[in-house]
$ cat start37.txt   # compact mmCIF, C-alpha atoms
# COMPACT_ATOMS: atom_id res chain seq x y z
CA MET V 6 0.00 0.00 0.00
CA SER V 7 1.28 3.46 -0.85
CA ILE V 8 1.17 6.14 1.82
CA MET V 9 -0.84 8.14 -0.73
CA GLU V 10 -3.68 5.77 0.06
CA LYS V 11 -3.50 6.73 3.73
CA PRO V 12 -5.08 10.20 4.11
CA ARG V 13 -4.08 10.52 7.77
CA VAL V 14 -0.42 9.93 6.87
CA VAL V 15 -0.57 12.45 4.03
CA ASP V 16 -2.04 15.03 6.39
CA LYS V 17 0.65 14.50 9.05
CA LEU V 18 3.50 14.30 6.54
CA HIS V 19 2.26 17.53 4.96
CA LYS V 20 2.29 19.32 8.32
CA TYR V 21 5.67 17.82 9.18
CA ARG V 22 7.13 19.02 5.88
CA ARG V 23 5.75 22.52 6.43
CA ASN V 24 7.27 22.64 9.93
CA LEU V 25 10.64 21.67 8.52
CA ARG V 26 10.48 24.35 5.84
CA LYS V 27 9.50 26.93 8.48
CA ASN V 28 12.49 25.78 10.51
CA GLY V 29 14.94 26.36 7.67
CA GLY V 30 15.03 22.68 6.70
CA LYS V 31 16.24 21.53 10.13
CA VAL V 32 14.54 18.76 12.09
CA GLY V 33 13.80 21.02 15.05
CA ARG V 34 11.57 19.51 17.72
CA THR V 35 8.85 18.01 15.56
CA PRO V 36 8.36 14.31 16.33
CA ARG V 37 8.53 12.21 13.20
CA GLN V 38 8.93 8.56 14.01
CA VAL V 39 8.62 5.93 16.70
CA ALA V 40 10.80 2.84 16.40
CA ILE V 41 9.17 0.00 18.29
CA ASP V 42 11.37 -2.89 19.36
CA TYR V 43 8.69 -5.47 20.19
CA ASN V 44 11.26 -7.98 21.39
CA ASN V 45 14.78 -9.08 20.65
CA ALA V 46 14.37 -12.75 19.79
CA CYS V 47 16.30 -13.45 16.59
CA ASN V 48 17.26 -16.36 14.35
CA PHE V 49 20.70 -14.84 13.69
CA ARG V 50 23.68 -14.48 16.00
CA CYS V 51 25.41 -11.54 14.34
CA GLU V 52 28.85 -10.88 15.75
CA PHE V 53 28.38 -7.12 15.34
CA CYS V 54 24.92 -6.96 16.96
CA TYR V 55 24.76 -4.44 19.78
CA GLU V 56 22.66 -6.87 21.76
CA VAL V 57 24.79 -9.97 21.28
CA GLY V 58 25.13 -11.73 24.61
CA GLU V 59 21.83 -10.32 25.86
CA ALA V 60 19.70 -13.38 24.98
CA LYS V 61 18.44 -13.57 28.57
CA TYR V 62 16.21 -10.59 27.77
CA ASN V 63 14.63 -12.23 24.71
CA THR V 64 11.48 -13.20 26.60
CA GLN V 65 10.74 -9.52 27.26
CA SER V 66 8.08 -8.10 24.93
CA LEU V 67 5.84 -5.09 24.69
CA SER V 68 2.15 -5.99 24.88
CA PHE V 69 -0.25 -5.24 22.02
CA GLU V 70 -2.05 -2.87 24.41
CA ASP V 71 1.24 -1.01 25.01
CA ILE V 72 1.78 -0.74 21.26
CA THR V 73 -1.71 0.58 20.61
CA ARG V 74 -1.36 3.18 23.36
CA ILE V 75 2.07 4.29 22.09
CA CYS V 76 0.66 4.64 18.59
CA ASP V 77 -2.47 6.50 19.73
CA GLU V 78 -0.31 9.03 21.56
CA ALA V 79 2.20 9.21 18.71
CA ASP V 80 -0.58 9.88 16.22
CA ALA V 81 -1.88 12.74 18.38
CA LEU V 82 1.65 14.23 18.40
CA GLY V 83 1.86 14.15 14.61
CA VAL V 84 4.18 11.15 14.28
CA TRP V 85 3.67 9.72 10.80
CA GLU V 86 6.11 6.81 10.67
CA ILE V 87 6.35 3.62 12.73
CA ILE V 88 9.41 1.41 12.43
CA LEU V 89 9.00 -2.17 13.62
CA GLN V 90 12.20 -3.89 14.53
CA GLY V 91 13.74 -6.45 16.82
CA GLY V 92 15.34 -8.94 17.02
CA GLU V 93 13.77 -10.52 13.97
CA LEU V 94 10.01 -10.15 14.05
CA LEU V 95 9.39 -12.56 11.17
CA ILE V 96 10.34 -15.57 13.27
CA ASN V 97 6.62 -15.32 14.10
CA VAL V 98 4.71 -13.96 11.10
CA GLU V 99 1.26 -14.20 12.67
CA ASN V 100 2.46 -12.21 15.67
CA THR V 101 3.99 -9.60 13.37
CA LYS V 102 0.63 -9.18 11.65
CA LYS V 103 -0.96 -8.62 15.06
CA ILE V 104 1.68 -6.01 15.91
CA ILE V 105 0.95 -4.16 12.66
CA ALA V 106 -2.78 -4.26 13.40
CA ALA V 107 -2.17 -3.01 16.95
CA CYS V 108 -0.43 0.09 15.54
CA GLY V 109 -3.47 1.16 13.52
CA PRO V 110 -1.53 1.03 10.23
CA GLU V 111 -3.93 3.33 8.40
CA ARG V 112 -2.48 6.17 10.50
CA PHE V 113 1.20 5.62 9.77
CA LYS V 114 3.78 4.82 7.16
CA MET V 115 4.54 1.32 8.42
CA VAL V 116 8.07 -0.01 8.01
CA LEU V 117 9.58 -3.34 9.01
CA ILE V 118 13.31 -3.89 9.46
CA THR V 119 14.23 -7.52 8.82
CA ASN V 120 17.13 -9.78 7.96
CA GLY V 121 14.94 -11.11 5.11
CA TYR V 122 15.41 -14.77 5.99
CA PHE V 123 11.68 -15.47 6.40
CA LEU V 124 10.39 -12.90 3.91
CA SER V 125 8.87 -15.17 1.26
CA GLU V 126 6.62 -13.65 -1.38
CA GLU V 127 3.58 -15.06 0.41
CA VAL V 128 4.63 -13.48 3.71
CA ALA V 129 5.38 -10.15 1.99
CA LYS V 130 1.90 -10.13 0.44
CA GLU V 131 0.26 -10.95 3.78
CA LEU V 132 2.14 -8.09 5.49
CA ALA V 133 1.25 -5.65 2.70
CA ALA V 134 -2.40 -6.64 3.05
CA GLU V 135 -2.13 -5.95 6.79
CA GLY V 136 -0.99 -2.36 6.10
CA LEU V 137 2.79 -2.57 5.87
CA ASP V 138 4.29 -0.02 3.43
CA GLY V 139 8.01 -0.67 3.37
CA VAL V 140 10.71 -3.15 4.25
CA GLY V 141 14.35 -2.48 5.05
CA ILE V 142 16.49 -5.58 4.57
CA SER V 143 19.78 -5.77 6.46
CA VAL V 144 22.52 -6.67 4.02
CA SER V 145 25.68 -4.67 3.37
CA SER V 146 27.56 -6.39 0.54
CA LEU V 147 27.54 -9.10 -2.14
CA ASP V 148 30.00 -11.18 -0.16
CA GLU V 149 27.84 -14.21 0.58
CA GLU V 150 30.49 -16.07 2.56
CA GLU V 151 31.25 -13.14 4.87
CA HIS V 152 27.56 -12.30 5.31
CA ASP V 153 26.71 -15.87 6.37
CA ARG V 154 29.82 -16.22 8.53
CA SER V 155 29.27 -13.02 10.49
CA ARG V 156 25.60 -13.89 11.06
CA LYS V 157 26.34 -17.53 11.78
CA VAL V 158 23.52 -18.74 9.50
CA ALA V 159 24.11 -20.59 6.23
CA GLY V 160 22.01 -19.28 3.35
CA ALA V 161 21.34 -15.94 5.06
CA HIS V 162 22.74 -13.86 2.18
CA LYS V 163 20.92 -15.74 -0.57
CA ARG V 164 17.60 -15.40 1.23
CA ALA V 165 18.18 -11.71 1.95
CA LEU V 166 18.72 -10.99 -1.77
CA GLU V 167 15.65 -13.05 -2.69
CA ALA V 168 13.65 -11.07 -0.14
CA PHE V 169 14.16 -7.88 -2.20
CA ASP V 170 12.23 -9.45 -5.08
CA HIS V 171 9.57 -10.88 -2.80
CA ALA V 172 8.92 -7.48 -1.21
CA LYS V 173 8.84 -5.73 -4.59
CA ASN V 174 6.44 -8.30 -6.02
CA ALA V 175 4.15 -7.70 -3.05
CA GLY V 176 4.06 -3.99 -3.85
CA LEU V 177 6.13 -2.94 -0.85
CA ASP V 178 8.78 -0.22 -0.91
CA VAL V 179 12.06 -1.99 -0.32
CA TRP V 180 15.57 -0.89 0.46
CA ALA V 181 18.81 -2.31 1.79
CA GLN V 182 19.87 -1.40 5.32
CA VAL V 183 23.57 -0.83 4.72
CA LEU V 184 26.21 -0.22 7.34
CA PHE V 185 28.64 2.60 6.49
CA GLY V 186 31.77 3.57 8.37
CA HIS V 187 35.49 4.02 8.26
CA HIS V 188 35.87 0.26 7.76
CA ASN V 189 34.11 0.17 4.37
CA ALA V 190 34.00 3.75 3.04
CA HIS V 191 36.62 2.93 0.41
CA SER V 192 35.98 -0.77 -0.06
CA LYS V 193 35.38 -2.15 -3.54
CA GLU V 194 32.71 -4.49 -2.11
CA LEU V 195 30.53 -1.62 -0.95
CA TYR V 196 30.46 0.02 -4.38
CA GLU V 197 29.81 -3.30 -6.12
CA PHE V 198 26.82 -3.76 -3.87
CA LEU V 199 25.54 -0.22 -4.44
CA ASP V 200 25.80 -0.79 -8.20
CA TYR V 201 23.94 -4.09 -7.82
CA LEU V 202 21.12 -2.30 -5.98
CA LYS V 203 21.08 0.56 -8.47
CA GLU V 204 20.66 -1.85 -11.40
CA ARG V 205 17.62 -3.28 -9.66
CA ASP V 206 16.21 0.11 -8.65
CA ILE V 207 16.53 -0.72 -4.97
CA ALA V 208 17.28 2.13 -2.61
CA THR V 209 19.80 2.10 0.24
CA ASN V 210 19.28 3.32 3.79
CA PHE V 211 22.66 3.92 5.39
CA PHE V 212 23.20 3.63 9.08
CA MET V 213 26.54 4.46 10.57
CA ALA V 214 28.83 1.99 12.27
CA MET V 215 28.79 2.97 15.93
CA PRO V 216 32.30 3.35 17.32
CA TYR V 217 32.03 0.83 20.12
CA GLY V 218 32.06 -2.95 20.48
CA VAL V 219 33.28 -4.56 17.26
CA TRP V 220 33.55 -1.10 15.60
CA LYS V 221 35.43 0.53 18.48
CA ASP V 222 37.26 3.69 17.31
CA ASN V 223 35.63 3.35 13.88
CA TYR V 224 35.28 7.14 13.49
CA MET V 225 34.93 8.42 9.96
CA ASP V 226 37.59 10.77 8.67
CA ALA V 227 37.30 13.58 6.12
CA GLU V 228 38.00 11.26 3.19
CA ASP V 229 35.27 8.88 4.34
CA LEU V 230 32.77 11.73 4.56
CA LYS V 231 33.77 12.94 1.09
CA LYS V 232 32.98 9.47 -0.23
CA PHE V 233 29.67 9.51 1.64
CA LYS V 234 28.72 12.75 -0.12
CA GLU V 235 29.60 11.25 -3.49
CA ILE V 236 27.48 8.20 -2.76
CA ARG V 237 24.53 10.43 -1.91
CA LYS V 238 24.85 12.16 -5.29
CA ASN V 239 25.28 8.98 -7.32
CA TYR V 240 22.88 6.50 -5.76
CA LYS V 241 19.27 6.37 -4.62
CA CYS V 242 19.89 6.45 -0.90
CA LEU V 243 18.79 7.77 2.44
CA HIS V 244 20.59 8.59 5.65
CA ASP V 245 19.19 10.00 8.89
CA LEU V 246 21.09 13.29 8.64
CA TRP V 247 20.15 13.97 5.01
CA ASP V 248 17.08 15.92 4.01
CA GLU V 249 15.30 13.31 1.92
CA PHE V 250 13.14 15.99 0.26
CA ASP V 251 16.16 17.89 -1.13
CA ARG V 252 16.27 17.18 -4.83
CA ASN V 253 19.84 18.52 -5.02
CA LYS V 254 20.91 15.88 -2.49
CA GLU V 255 22.92 18.31 -0.40
CA ALA V 256 20.84 19.59 2.52
CA ILE V 257 21.43 18.27 6.02
CA TRP V 258 18.39 18.34 8.30
CA GLY V 259 20.40 17.14 11.29
CA CYS V 260 20.52 14.53 13.99
CA TRP V 261 17.15 12.97 14.76
CA ALA V 262 17.70 12.05 18.40
CA VAL V 263 14.28 12.33 20.14
CA ASN V 264 12.58 13.23 16.81
CA ARG V 265 12.67 9.48 16.26
CA ILE V 266 12.48 7.82 19.63
CA PHE V 267 13.17 4.16 20.22
CA VAL V 268 10.98 2.07 22.54
CA THR V 269 12.62 -1.03 24.00
CA PRO V 270 10.78 -4.27 24.91
CA MET V 271 10.79 -3.03 28.54
CA GLY V 272 8.98 0.16 27.53
CA ASP V 273 12.07 2.29 28.09
CA VAL V 274 12.41 5.17 25.65
CA LEU V 275 15.79 6.05 24.16
CA PRO V 276 16.51 9.18 22.08
CA CYS V 277 17.51 6.90 19.19
CA PRO V 278 18.45 3.21 18.79
CA PHE V 279 22.13 4.02 19.33
CA ILE V 280 21.99 6.20 22.43
CA ASN V 281 21.53 4.02 25.49
CA ILE V 282 20.18 6.74 27.71
CA LYS V 283 16.68 6.42 29.11
CA ILE V 284 14.49 9.51 28.77
CA GLY V 285 11.37 7.81 30.11
CA ASN V 286 9.19 4.72 30.10
CA ILE V 287 5.91 4.39 28.24
CA LYS V 288 4.38 2.35 31.05
CA GLU V 289 4.88 5.24 33.47
CA GLN V 290 4.59 8.44 31.45
CA SER V 291 2.84 9.82 28.41
CA LEU V 292 4.77 9.99 25.16
CA LYS V 293 4.45 13.77 25.20
CA GLU V 294 6.02 14.04 28.66
CA ILE V 295 8.88 11.80 27.52
CA ILE V 296 9.52 13.68 24.29
CA ASP V 297 9.32 17.09 25.99
CA TYR V 298 11.84 15.89 28.57
CA GLY V 299 14.11 14.53 25.83
CA PHE V 300 14.11 17.83 23.98
CA SER V 301 14.88 19.68 27.22
CA ILE V 302 18.34 18.08 27.09
CA LYS V 303 20.34 20.52 25.01
CA TYR V 304 22.10 17.90 22.89
CA PHE V 305 18.73 16.65 21.66
CA GLY V 306 16.79 19.92 21.72
CA GLU V 307 19.38 21.86 19.74
CA TYR V 308 20.45 21.32 16.16
CA SER V 309 23.38 19.03 15.43
CA ASN V 310 24.61 18.59 11.87
CA ILE V 311 26.39 15.37 12.79
CA CYS V 312 25.17 12.10 14.28
CA LEU V 313 25.65 12.41 18.02
CA ALA V 314 26.15 8.68 18.55
CA ALA V 315 28.45 7.94 15.62
CA GLN V 316 30.33 11.17 14.95
CA ASN V 317 30.41 13.34 18.04
CA ARG V 318 33.45 12.07 19.93
CA SER V 319 33.10 14.38 22.91
CA PHE V 320 29.42 13.46 23.35
CA ARG V 321 30.27 9.78 23.12
CA ASP V 322 33.23 10.04 25.50
CA LYS V 323 31.34 12.10 28.03
CA TYR V 324 27.89 10.53 27.98
CA LEU V 325 27.99 7.14 26.26
CA SER V 326 30.78 5.40 28.10
CA GLY V 327 28.30 3.61 30.37
CA SER V 328 25.89 0.85 29.38
CA THR V 329 25.90 -0.27 25.77
CA SER V 330 22.76 -2.36 26.22
CA MET V 331 19.25 -1.11 25.51
CA PHE V 332 18.08 -3.33 28.38
CA THR V 333 20.05 -1.46 31.00
CA PRO V 334 20.08 2.15 29.81
CA GLU V 335 21.28 4.78 32.22
CA PRO V 336 18.59 7.30 33.22
CA ALA V 337 19.15 10.70 31.63
CA ALA V 338 18.97 12.35 35.05
CA ALA V 339 22.05 10.36 36.09
CA VAL V 340 23.95 11.05 32.87
CA PHE V 341 23.39 14.75 32.34
CA ALA V 342 24.20 17.60 34.70
CA ALA V 343 21.96 20.62 35.33
CA GLU V 344 23.86 22.68 32.75
CA ASP V 345 23.06 20.09 30.08
CA PHE V 346 19.38 21.03 30.18
CA ILE V 347 17.80 23.90 28.29
CA ILE V 348 16.08 26.22 30.73
CA LYS V 349 12.32 26.19 30.18
CA GLU V 350 11.92 29.85 29.20
CA LYS V 351 14.69 29.54 26.60
CA GLN V 352 13.15 26.32 25.26
CA GLU V 353 9.74 27.93 24.81
CA GLU V 354 11.30 30.99 23.18
CA GLU V 355 13.27 28.85 20.72
CA HIS V 356 10.25 26.73 19.92
CA GLU V 357 8.04 29.69 18.99
CA MET B 3 5.24 35.58 -15.20
CA SER B 4 1.66 34.28 -15.25
CA ASN B 5 0.34 31.89 -12.63
CA LEU B 6 0.28 29.11 -15.21
CA GLU B 7 3.93 29.78 -16.05
CA LYS B 8 4.85 29.73 -12.35
CA TYR B 9 2.90 26.50 -11.89
CA THR B 10 4.58 24.89 -14.90
CA LYS B 11 8.02 26.03 -13.76
CA ILE B 12 7.57 24.24 -10.43
CA PHE B 13 6.83 21.03 -12.33
CA THR B 14 9.80 21.40 -14.66
CA GLU B 15 12.16 22.10 -11.78
CA SER B 16 10.76 19.46 -9.45
CA PHE B 17 10.78 16.65 -11.96
CA GLU B 18 13.47 17.78 -14.41
CA VAL B 19 11.20 17.66 -17.46
CA ASP B 20 10.52 20.28 -20.13
CA ALA B 21 7.33 22.32 -20.16
CA GLU B 22 5.68 20.21 -22.87
CA LYS B 23 6.29 16.99 -20.97
CA ALA B 24 5.19 18.64 -17.70
CA LYS B 25 1.75 19.38 -19.17
CA THR B 26 1.04 15.68 -19.74
CA LEU B 27 2.60 14.45 -16.51
CA LYS B 28 0.80 12.12 -14.10
CA TYR B 29 1.77 10.92 -10.61
CA GLN B 30 4.59 8.31 -10.82
CA ASP B 31 5.15 8.91 -14.57
CA VAL B 32 8.73 9.85 -13.69
CA GLU B 33 10.88 8.50 -10.87
CA ALA B 34 11.07 11.88 -9.16
CA TRP B 35 7.28 12.08 -8.80
CA ASP B 36 7.03 9.47 -6.07
CA SER B 37 5.37 10.02 -2.71
CA ILE B 38 8.31 12.07 -1.41
CA GLY B 39 8.57 14.10 -4.64
CA HIS B 40 4.83 14.65 -4.40
CA MET B 41 5.06 16.21 -0.94
CA ASP B 42 7.87 18.44 -2.15
CA LEU B 43 5.81 19.52 -5.16
CA ILE B 44 2.91 20.41 -2.88
CA ALA B 45 5.20 22.37 -0.53
CA SER B 46 6.68 24.31 -3.47
CA LEU B 47 3.22 25.17 -4.81
CA GLU B 48 2.04 26.23 -1.36
CA ASP B 49 5.05 28.50 -0.95
CA GLU B 50 4.71 30.02 -4.41
CA PHE B 51 0.98 30.69 -4.19
CA ASP B 52 0.72 31.20 -0.43
CA ILE B 53 -1.94 28.56 0.12
CA MET B 54 -2.30 25.50 2.37
CA MET B 55 -3.87 22.44 0.85
CA GLU B 56 -6.14 19.92 2.53
CA ALA B 57 -5.03 16.28 2.71
CA ASP B 58 -7.81 15.19 0.33
CA ASP B 59 -6.61 17.64 -2.32
CA ILE B 60 -3.01 16.49 -1.88
CA ILE B 61 -4.16 12.93 -2.54
CA ASP B 62 -6.36 13.93 -5.49
CA PHE B 63 -3.52 15.95 -7.05
CA ASN B 64 -2.49 13.15 -9.40
CA SER B 65 -1.63 15.00 -12.61
CA PHE B 66 -0.60 18.38 -13.99
CA GLU B 67 -4.14 18.85 -15.29
CA LYS B 68 -5.87 17.83 -12.07
CA GLY B 69 -3.53 20.14 -10.18
CA ILE B 70 -4.78 23.14 -12.16
CA GLU B 71 -8.33 22.28 -11.14
CA ILE B 72 -7.27 22.03 -7.48
CA MET B 73 -5.30 25.28 -7.58
CA THR B 74 -8.40 27.03 -8.90
CA LYS B 75 -10.29 25.76 -5.86
CA TYR B 76 -7.82 27.71 -3.70
CA GLY B 77 -8.54 30.91 -5.60
CA ILE B 78 -5.56 30.77 -7.93
CA ASP B 79 -6.52 32.08 -11.33
CA MET B 80 -4.32 30.27 -13.80
CA ASN B 81 -5.09 32.80 -16.51
CA ALA B 82 -3.81 35.69 -14.43
$ encode --input "start37.txt" --output "structure tokens"
Amino acid sequence: MSIMEKPRVVDKLHKYRRNLRKNGGKVGRTPRQVAIDYNNACNFRCEFCYEVGEAKYNTQSLSFEDITRICDEADALGVWEIILQGGELLINVENTKKIIAACGPERFKMVLITNGYFLSEEVAKELAAEGLDGVGISVSSLDEEEHDRSRKVAGAHKRALEAFDHAKNAGLDVWAQVLFGHHNAHSKELYEFLDYLKERDIATNFFMAMPYGVWKDNYMDAEDLKKFKEIRKNYKCLHDLWDEFDRNKEAIWGCWAVNRIFVTPMGDVLPCPFINIKIGNIKEQSLKEIIDYGFSIKYFGEYSNICLAAQNRSFRDKYLSGSTSMFTPEPAAAVFAAEDFIIKEKQEEEHE
Amino acid sequence: MSNLEKYTKIFTESFEVDAEKAKTLKYQDVEAWDSIGHMDLIASLEDEFDIMMEADDIIDFNSFEKGIEIMTKYGIDMNA
């Protein structure tokens, strides 16, 4: 289903776009997206996964009632995009359909992030019929052997590539979720894969390698960023910092922390999937209270033209040296000092 | 520049087509006129003509021709 067939989404997207234009093309404090991590059960054991070793939490799930309430509140705040992720939700297709239904998919652009292993054409068609609009498939190269090795599942790469066709045939938007960082910015394999996707008219959504765990110290340098700019110009691709409406493919709308909150299976809310700092819990507070609190922290309430989690070394060193698990995030009140908050009067003035 | 010329110019710039092609254009005829390109087209028209469209009109706006009809609804005289 196209979002053009969802009047409520068109209305919210229209208002969101106008707010951005009024704000000089910067993300500002307009909520856009809620990423819902229903649970973290997965059929892969990726060596780079930020939750590897946290399998003890895999029984934790949000309830359908929680999801409906989050989405009702998100809709009222103008959020127009819901991202469903895990874990791997398609290990239980029927449950995934119930999750989509619980969101009220007619109100949102509905996106599923998947490793593609279980995305047959039949499943893709069932999900589209349920109200899903797009699928992001996690695959970063054409190197089948390396893909399967690092995920510890034979056949993972082959099935991921087949999943692109299955999603397309079901009428879903489909793109590759591709990791980009210092490690692959100049690698031949990356460009071969981007060409492969381009030939098939498949878009790419880049997410940055976070400089901790297996990618420790993987900070991009100036040459890497130059390559990233070239990629943006030459391929059909998206990245969180880039203004996706800019037809010249140059504008930066800035870091989305808090504009796109992340809800963990425990109900904890993080500013984004890569910042393990808790700004609230949906079982205890309203989404509005949580988002307002998040934006009161100056790093999230003020514009940043770089990704705080991946590119801002001082932010990472100062505030992200604690827990790297979404299941044990540090409360924002314990991480930030009084001077890290925007005083209320200033916040209201800036928001006018 | 007439309103029709301004309207056409937004199409030619948004979708990188010439004026003749623009006049026959329908939603999704060219890659750039996808759902994202559509919202950008609407925003450009709203800025140029100082209007704010309703969601139903944004959805109904599925061709150059249909767009002229919708613009008229917002008091834009395309002959002016």
$ atom_distance --input "start37.txt" --atom1 "atom CA of B:Ile38" --atom2 "atom CA of V:Gln316"
27.4 Å
$ residues_around --input "start37.txt" --residues "B:Met73" --least-positions-apart "6" --cutoff "10 Å" --atoms "all atoms listed in the file" --output "MDAnalysis selection string"
chainID B and resid 9 47:48 51 53 55 59 63 79:80
$ residues_around --input "start37.txt" --residues "B:Glu7" --least-positions-apart "5" --cutoff "10 Å" --atoms "all atoms listed in the file" --output "list in words"
Ile12, Phe13, Ala21, Met80, Asn81 and Ala82 of chain B
$ write_last_selection --input "start37.txt" --atoms "C-alpha atoms" --output "mmCIF file, keeping the file's coordinate frame"
data_model
loop_
_atom_site.group_PDB
_atom_site.id
_atom_site.type_symbol
_atom_site.label_atom_id
_atom_site.label_comp_id
_atom_site.auth_asym_id
_atom_site.auth_seq_id
_atom_site.Cartn_x
_atom_site.Cartn_y
_atom_site.Cartn_z
ATOM 1 C CA ILE B 12 7.570 24.240 -10.430
ATOM 2 C CA PHE B 13 6.830 21.030 -12.330
ATOM 3 C CA ALA B 21 7.330 22.320 -20.160
ATOM 4 C CA MET B 80 -4.320 30.270 -13.800
ATOM 5 C CA ASN B 81 -5.090 32.800 -16.510
ATOM 6 C CA ALA B 82 -3.810 35.690 -14.430
#
$ closest_residue --input "start37.txt" --among "B:Asp36, B:Glu67, B:Glu50, B:Asp20" --to "chain V" --atoms "all atoms listed in the file"
B:Asp36
$ interface_residues --input "start37.txt" --of "chain V" --to "chain B" --cutoff "9 Å" --atoms "all atoms listed in the file" --output "ChimeraX atom specification"
/V:7-19,22-23,26,249-252
$ atom_distance --input "start37.txt" --atom1 "atom CA of V:Thr101" --atom2 "atom CA of V:Gln290"
25.5 Å
$ atom_distance --input "start37.txt" --atom1 "atom CA of V:Ile311" --atom2 "atom CA of V:Phe332"
25.7 Å
$ residues_near_point --input "start37.txt" --point "(19.4, 3.0, 25.8)" --cutoff "8 Å" --atoms "all atoms listed in the file" --output "list in words"
Asp273, Val274, Leu275, Pro276, Cys277, Pro278, Phe279, Ile280, Asn281, Ile282, Lys283, Ser328, Thr329, Ser330, Met331, Phe332, Thr333, Pro334 and Glu335 of chain V
$ residues_near_point --input "start37.txt" --point "(22.9, 7.4, 5.7)" --cutoff "9 Å" --atoms "all atoms listed in the file" --output "list of chain:residue names"
V:Val183, V:Leu184, V:Phe185, V:Thr209, V:Asn210, V:Phe211, V:Phe212, V:Met213, V:Phe233, V:Arg237, V:Cys242, V:Leu243, V:His244, V:Asp245, V:Leu246, V:Trp247
$ closest_residue --input "start37.txt" --among "V:Val158, V:Ala262, V:Val116, V:Met271" --to "V:Phe305" --atoms "all atoms listed in the file"
V:Ala262
$ axis_aligned_box --input "start37.txt" --around "stretch 39-47 of chain B" --padding-each-side "6 Å" --output "JSON"
{"center_x": 5.7, "center_y": 19.6, "center_z": -2.8, "size_x": 17.7, "size_y": 23.1, "size_z": 16.6}
$ closest_residue --input "start37.txt" --among "V:Pro216, V:Gly29, V:Gly259, V:Gly299" --to "V:Leu325" --atoms "only C-alpha atoms"
V:Pro216
$ closest_residue --input "start37.txt" --among "V:Leu95, V:Ile236, V:Leu25, V:Ile75" --to "V:Ser125" --atoms "all atoms listed in the file"
V:Leu95
$ build_atoms --input "start37.txt" --residues "stretch 339-343 of chain V" --atoms "all heavy atoms" --output "mmCIF file, in the frame of the given file"
data_model
loop_
_atom_site.group_PDB
_atom_site.id
_atom_site.type_symbol
_atom_site.label_atom_id
_atom_site.label_comp_id
_atom_site.auth_asym_id
_atom_site.auth_seq_id
_atom_site.Cartn_x
_atom_site.Cartn_y
_atom_site.Cartn_z
ATOM 1 N N ALA V 339 20.763 10.757 35.518
ATOM 2 C CA ALA V 339 22.050 10.360 36.090
ATOM 3 C C ALA V 339 23.202 10.661 35.136
ATOM 4 O O ALA V 339 24.358 10.728 35.558
ATOM 5 C CB ALA V 339 22.021 8.861 36.409
ATOM 6 N N VAL V 340 22.898 10.837 33.885
ATOM 7 C CA VAL V 340 23.950 11.050 32.870
ATOM 8 C C VAL V 340 24.264 12.524 32.685
ATOM 9 O O VAL V 340 25.428 12.921 32.573
ATOM 10 C CB VAL V 340 23.509 10.432 31.513
ATOM 11 C CG1 VAL V 340 24.514 10.758 30.411
ATOM 12 C CG2 VAL V 340 23.310 8.922 31.645
ATOM 13 N N PHE V 341 23.201 13.334 32.662
ATOM 14 C CA PHE V 341 23.390 14.750 32.340
ATOM 15 C C PHE V 341 23.361 15.610 33.596
ATOM 16 O O PHE V 341 22.599 15.341 34.531
ATOM 17 C CB PHE V 341 22.301 15.223 31.364
ATOM 18 C CG PHE V 341 22.356 14.506 30.032
ATOM 19 C CD1 PHE V 341 21.402 13.550 29.697
ATOM 20 C CD2 PHE V 341 23.376 14.782 29.126
ATOM 21 C CE1 PHE V 341 21.456 12.884 28.476
ATOM 22 C CE2 PHE V 341 23.442 14.116 27.905
ATOM 23 C CZ PHE V 341 22.482 13.171 27.582
ATOM 24 N N ALA V 342 24.163 16.663 33.583
ATOM 25 C CA ALA V 342 24.200 17.600 34.700
ATOM 26 C C ALA V 342 23.195 18.731 34.436
ATOM 27 O O ALA V 342 22.674 18.862 33.323
ATOM 28 C CB ALA V 342 25.600 18.170 34.846
ATOM 29 N N ALA V 343 22.962 19.543 35.455
ATOM 30 C CA ALA V 343 21.960 20.620 35.330
ATOM 31 C C ALA V 343 22.246 21.511 34.129
ATOM 32 O O ALA V 343 21.333 21.937 33.419
ATOM 33 C CB ALA V 343 21.948 21.451 36.617
#
